[in-house]
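Engineer: Here it is, the structure in full.
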Amino acid sequence: MPPRHLSPAERQKLITQLEASKRLDDARYREHLGGWDPILTENCTVQAKRAQQAIDDLETEQPISWQEIDRAMTVPNEYDW
């Protein structure tokens, strides 16, 4: 897996980016909780979990693909529907 070959600084940068994505997921979830789009709030929950799993994998140097990292950084957008 490519992330295994990352320097500690590169790994930390990815973790920081994932944490920012997770904060956006959480914020978007709270903004739309109880709103008109339950699918969006569920997507935010799923994305926050993906981000946390990617963070955990990077922190413990577990194998994770670039595809999983990229997917975890995605923040659901209410205008994509």
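Each chain of the structure tokens is named A, B, ... in the order shown, its residues numbered from 1; ligands are numbered from 1 in display order.
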If we count only C-alpha atoms, what is near Ile69 of chain A at a cut-off of 12 Å, once residues fewer than 5 positions away on the same chain are taken out, given as a list in words?
Structural biologist: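 Returned residues: Met1, Pro2, Pro3, Arg11, Leu14, Ile15, Gln17, Leu18, Glu19, Ser21, Gln47, Arg50, Ala51, Gln52, Gln53, Ala54, Ile55, Asp56, Asp57, Leu58, Pro63, Ile64 and Thr74 of chain A.
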Engineer: Kindly export the residues of the current selection with C-alpha atoms, as a PDB file, in the first residue's frame.
Structural biologist:
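Result written to result-v7.pdb:
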```
ATOM      1  CA  MET A   1       0.000   0.000   0.000  1.00  0.00           C
ATOM      2  CA  PRO A   2       1.413   3.405  -0.889  1.00  0.00           C
ATOM      3  CA  PRO A   3       0.813   5.072   2.522  1.00  0.00           C
ATOM      4  CA  ARG A  11       1.519  10.777   7.178  1.00  0.00           C
ATOM      5  CA  LEU A  14      -2.817  13.273   5.667  1.00  0.00           C
ATOM      6  CA  ILE A  15      -4.102  12.756   9.207  1.00  0.00           C
ATOM      7  CA  GLN A  17      -6.482  16.700   6.310  1.00  0.00           C
ATOM      8  CA  LEU A  18      -8.671  13.766   7.327  1.00  0.00           C
ATOM      9  CA  GLU A  19      -9.403  15.382  10.691  1.00  0.00           C
ATOM     10  CA  SER A  21     -12.757  16.527   6.599  1.00  0.00           C
ATOM     11  CA  GLN A  47     -18.199   9.830   5.853  1.00  0.00           C
ATOM     12  CA  ARG A  50     -14.673   6.565   7.058  1.00  0.00           C
ATOM     13  CA  ALA A  51     -12.462   9.504   7.977  1.00  0.00           C
ATOM     14  CA  GLN A  52     -11.986   8.201  11.522  1.00  0.00           C
ATOM     15  CA  GLN A  53     -11.118   4.723  10.251  1.00  0.00           C
ATOM     16  CA  ALA A  54      -8.549   6.182   7.840  1.00  0.00           C
ATOM     17  CA  ILE A  55      -7.078   8.295  10.648  1.00  0.00           C
ATOM     18  CA  ASP A  56      -6.860   5.241  12.899  1.00  0.00           C
ATOM     19  CA  ASP A  57      -5.206   3.191  10.142  1.00  0.00           C
ATOM     20  CA  LEU A  58      -2.656   5.900   9.392  1.00  0.00           C
ATOM     21  CA  PRO A  63      -2.425  -0.832   5.358  1.00  0.00           C
ATOM     22  CA  ILE A  64      -4.832   1.570   3.668  1.00  0.00           C
ATOM     23  CA  THR A  74     -14.965  13.427   0.658  1.00  0.00           C
TER      24      THR A  74
END
```
Engineer: Between A:Cys44, A:Pro76, A:Gln62, A:Gln67, which has the minimum distance to Asp26 of chain A (counting only C-alpha atoms)?
Structural biologist: A:Cys44
Engineer: Using only C-alpha atoms, which residues sit within 12 Å of segment 32-35 of chain A once same-chain residues fewer than 6 positions away are excluded, as an MDAnalysis selection string?
Structural biologist: chainID A and resid 25:26 41:45 76:78
Engineer: Mind dumping the selected residues with N, CA and C atoms as a compact mmCIF listing (two decimals), in the first residue's frame?
Structural biologist:
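This went into out33.txt:
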```
# COMPACT_ATOMS: atom_id res chain seq x y z
N ASP A 25 -17.65 17.00 8.04
CA ASP A 25 -18.74 16.00 8.05
C ASP A 25 -19.63 16.20 9.27
N ASP A 26 -18.99 16.34 10.43
CA ASP A 26 -19.75 16.52 11.68
C ASP A 26 -20.55 17.83 11.66
N THR A 41 -27.76 13.65 6.06
CA THR A 41 -27.23 13.47 7.42
C THR A 41 -26.64 12.07 7.59
N GLU A 42 -27.26 11.07 7.00
CA GLU A 42 -26.72 9.72 7.06
C GLU A 42 -25.39 9.63 6.31
N ASN A 43 -25.31 10.27 5.16
CA ASN A 43 -24.06 10.29 4.40
C ASN A 43 -22.94 10.96 5.20
N CYS A 44 -23.27 12.01 5.91
CA CYS A 44 -22.28 12.69 6.75
C CYS A 44 -21.79 11.77 7.86
N THR A 45 -22.69 11.00 8.43
CA THR A 45 -22.31 10.05 9.48
C THR A 45 -21.37 8.99 8.91
N PRO A 76 -19.86 15.11 2.09
CA PRO A 76 -21.14 15.17 1.37
C PRO A 76 -21.58 16.62 1.16
N ASN A 77 -22.11 16.87 -0.02
CA ASN A 77 -22.55 18.21 -0.39
C ASN A 77 -24.06 18.18 -0.63
N GLU A 78 -24.76 19.07 0.03
CA GLU A 78 -26.22 19.11 -0.09
C GLU A 78 -26.68 19.45 -1.51
```
Engineer: Quick one: pull the distance between atom CA of Ala48 of chain A and atom CA of Tyr29 of chain A, Å, one decimal.
Structural biologist: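 Between these atoms lies a distance of 9.4 Å.
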